[in-house]
Amino acid sequence: MNLHDLKPAPGSTHSRKRVGRGVGSGYGGTSGRGMNGQGSRAGGTKRPGFEGGQTPLAMRLPKLPGFRNINRKEYLPVNVSRIDAKFEAGEVVDGESLVAKGIIKHADALVKVLGDGEITKAVTVKGLKVSASAQAKIEAAGGKVE
């Protein structure tokens with residue numbers, strides 16, 4: 001077999017549509033565009049999503065669901081069971097000590113101590129937000145919240 005013997009498979013190629021070349025071609029006169037209207041004119045294509053002048057669906061739908069509070073504060077949760085596992089009795093739990101123990105990454109992060117689990121050691125929690133259940137457990141174990 002040589003290069004000059006190669007040809008496309010039968011039926012895989014089609015002859016080019018030559019529009020505007022006489023009535024006998026089948027594409028004469030209006031060149032396959034029909035009679036009147038937007039589609040028959042030069043440049044008469046509609047952009048994607050165009051609905052004939054009606055407000056498109058993408059503009060009718062709300063941009064984002066719900067309400068987003070721009071002043072929202074995200075607190076990192078730290079459970080009392082985590083504090084019990086990492087801290088010794090009498091230690092102070094604050095931003096710096098939580099970073100030192102590898103519980104949070106930044107000392108100035110907003111942290112809330114939650115009451116999941118049990119605490120047996122008396123620790124002092126300073127400068128952190130504490131839930132009511134966590135405060136009750138810390139104080140029951142002999143610790144205090146400042």
# chains A, B, ... in the order shown; residues from 1 in each chain; ligands from 1
call {"tool": "select_by_dssp", "arguments": {"residues": "chain A", "states": "alpha helix (DSSP H)", "output": "PyMOL selection string"}}
result
chain A and resi 57-60+80-86+95-100+132-140
call {"tool": "write_last_selection", "arguments": {"atoms": "N, CA and C atoms", "output": "mmCIF file, in the first residue's frame"}}
result
data_model
loop_
_atom_site.group_PDB
_atom_site.id
_atom_site.type_symbol
_atom_site.label_atom_id
_atom_site.label_comp_id
_atom_site.auth_asym_id
_atom_site.auth_seq_id
_atom_site.Cartn_x
_atom_site.Cartn_y
_atom_site.Cartn_z
ATOM 1 N N LEU A 57 -34.013 33.847 31.879
ATOM 2 C CA LEU A 57 -34.117 33.064 33.110
ATOM 3 C C LEU A 57 -32.951 33.359 34.050
ATOM 4 N N ALA A 58 -31.744 33.488 33.503
ATOM 5 C CA ALA A 58 -30.560 33.715 34.331
ATOM 6 C C ALA A 58 -30.640 35.049 35.061
ATOM 7 N N MET A 59 -31.357 36.031 34.513
ATOM 8 C CA MET A 59 -31.501 37.323 35.179
ATOM 9 C C MET A 59 -32.697 37.339 36.129
ATOM 10 N N ARG A 60 -33.667 36.448 35.892
ATOM 11 C CA ARG A 60 -34.853 36.406 36.747
ATOM 12 C C ARG A 60 -34.576 35.707 38.072
ATOM 13 N N VAL A 80 -14.124 20.260 75.332
ATOM 14 C CA VAL A 80 -13.456 20.082 76.629
ATOM 15 C C VAL A 80 -12.691 18.765 76.688
ATOM 16 N N SER A 81 -13.126 17.759 75.933
ATOM 17 C CA SER A 81 -12.394 16.482 75.897
ATOM 18 C C SER A 81 -11.003 16.675 75.297
ATOM 19 N N ARG A 82 -10.889 17.582 74.335
ATOM 20 C CA ARG A 82 -9.602 17.897 73.700
ATOM 21 C C ARG A 82 -8.685 18.594 74.705
ATOM 22 N N ILE A 83 -9.264 19.527 75.467
ATOM 23 C CA ILE A 83 -8.493 20.239 76.496
ATOM 24 C C ILE A 83 -8.030 19.258 77.566
ATOM 25 N N ASP A 84 -8.900 18.331 77.954
ATOM 26 C CA ASP A 84 -8.564 17.332 78.965
ATOM 27 C C ASP A 84 -7.403 16.450 78.507
ATOM 28 N N ALA A 85 -7.383 16.119 77.221
ATOM 29 C CA ALA A 85 -6.338 15.241 76.690
ATOM 30 C C ALA A 85 -4.988 15.950 76.572
ATOM 31 N N LYS A 86 -4.989 17.251 76.249
ATOM 32 C CA LYS A 86 -3.737 17.952 75.944
ATOM 33 C C LYS A 86 -3.155 18.750 77.110
ATOM 34 N N GLY A 95 -5.170 31.452 73.772
ATOM 35 C CA GLY A 95 -4.777 31.340 72.364
ATOM 36 C C GLY A 95 -3.365 30.805 72.185
ATOM 37 N N GLU A 96 -2.411 31.359 72.954
ATOM 38 C CA GLU A 96 -1.005 30.947 72.811
ATOM 39 C C GLU A 96 -0.801 29.481 73.215
ATOM 40 N N SER A 97 -1.428 29.074 74.313
ATOM 41 C CA SER A 97 -1.245 27.688 74.763
ATOM 42 C C SER A 97 -1.903 26.692 73.802
ATOM 43 N N LEU A 98 -3.030 27.088 73.193
ATOM 44 C CA LEU A 98 -3.669 26.211 72.207
ATOM 45 C C LEU A 98 -2.794 26.035 70.976
ATOM 46 N N VAL A 99 -2.092 27.116 70.566
ATOM 47 C CA VAL A 99 -1.158 27.021 69.430
ATOM 48 C C VAL A 99 0.024 26.136 69.811
ATOM 49 N N ALA A 100 0.531 26.323 71.028
ATOM 50 C CA ALA A 100 1.681 25.540 71.484
ATOM 51 C C ALA A 100 1.362 24.046 71.530
ATOM 52 N N ALA A 132 -22.213 27.394 77.662
ATOM 53 C CA ALA A 132 -22.727 27.205 79.027
ATOM 54 C C ALA A 132 -22.420 25.802 79.532
ATOM 55 N N SER A 133 -22.573 24.781 78.684
ATOM 56 C CA SER A 133 -22.310 23.404 79.112
ATOM 57 C C SER A 133 -20.829 23.194 79.397
ATOM 58 N N ALA A 134 -19.953 23.820 78.576
ATOM 59 C CA ALA A 134 -18.509 23.693 78.789
ATOM 60 C C ALA A 134 -18.115 24.371 80.095
ATOM 61 N N GLN A 135 -18.693 25.540 80.359
ATOM 62 C CA GLN A 135 -18.377 26.261 81.599
ATOM 63 C C GLN A 135 -18.784 25.447 82.822
ATOM 64 N N ALA A 136 -19.954 24.811 82.736
ATOM 65 C CA ALA A 136 -20.419 23.988 83.849
ATOM 66 C C ALA A 136 -19.473 22.816 84.096
ATOM 67 N N LYS A 137 -19.002 22.173 83.042
ATOM 68 C CA LYS A 137 -18.089 21.026 83.186
ATOM 69 C C LYS A 137 -16.733 21.454 83.721
ATOM 70 N N ILE A 138 -16.219 22.595 83.241
ATOM 71 C CA ILE A 138 -14.902 23.079 83.698
ATOM 72 C C ILE A 138 -14.969 23.433 85.176
ATOM 73 N N GLU A 139 -16.029 24.116 85.580
ATOM 74 C CA GLU A 139 -16.160 24.501 86.985
ATOM 75 C C GLU A 139 -16.434 23.309 87.886
ATOM 76 N N ALA A 140 -17.134 22.294 87.349
ATOM 77 C CA ALA A 140 -17.394 21.074 88.125
ATOM 78 C C ALA A 140 -16.105 20.303 88.372
#
call {"tool": "residues_around", "arguments": {"residues": "segment 113-125 of chain A", "least_positions_apart": "2", "cutoff": "7 Å", "atoms": "only C-alpha atoms", "output": "PyMOL selection string"}}
result
chain A and resi 77-81+84+88-94+111+127-131+133-134+137-138+141-146
call {"tool": "atom_distance", "arguments": {"atom1": "atom CA of Asp5 of chain A", "atom2": "atom CA of Arg18 of chain A"}}
result
28.5 Å
call {"tool": "residues_around", "arguments": {"residues": "Ala109 of chain A", "least_positions_apart": "4", "cutoff": "8 Å", "atoms": "only C-alpha atoms", "output": "number ranges by chain"}}
result
A: 75-76, 95, 104-105
call {"tool": "select_by_dssp", "arguments": {"residues": "chain A", "states": "strand (DSSP E or B)", "output": "PyMOL selection string"}}
result
chain A and resi 51+54+76-79+92-93+111-114+124-125+129-130+144-145
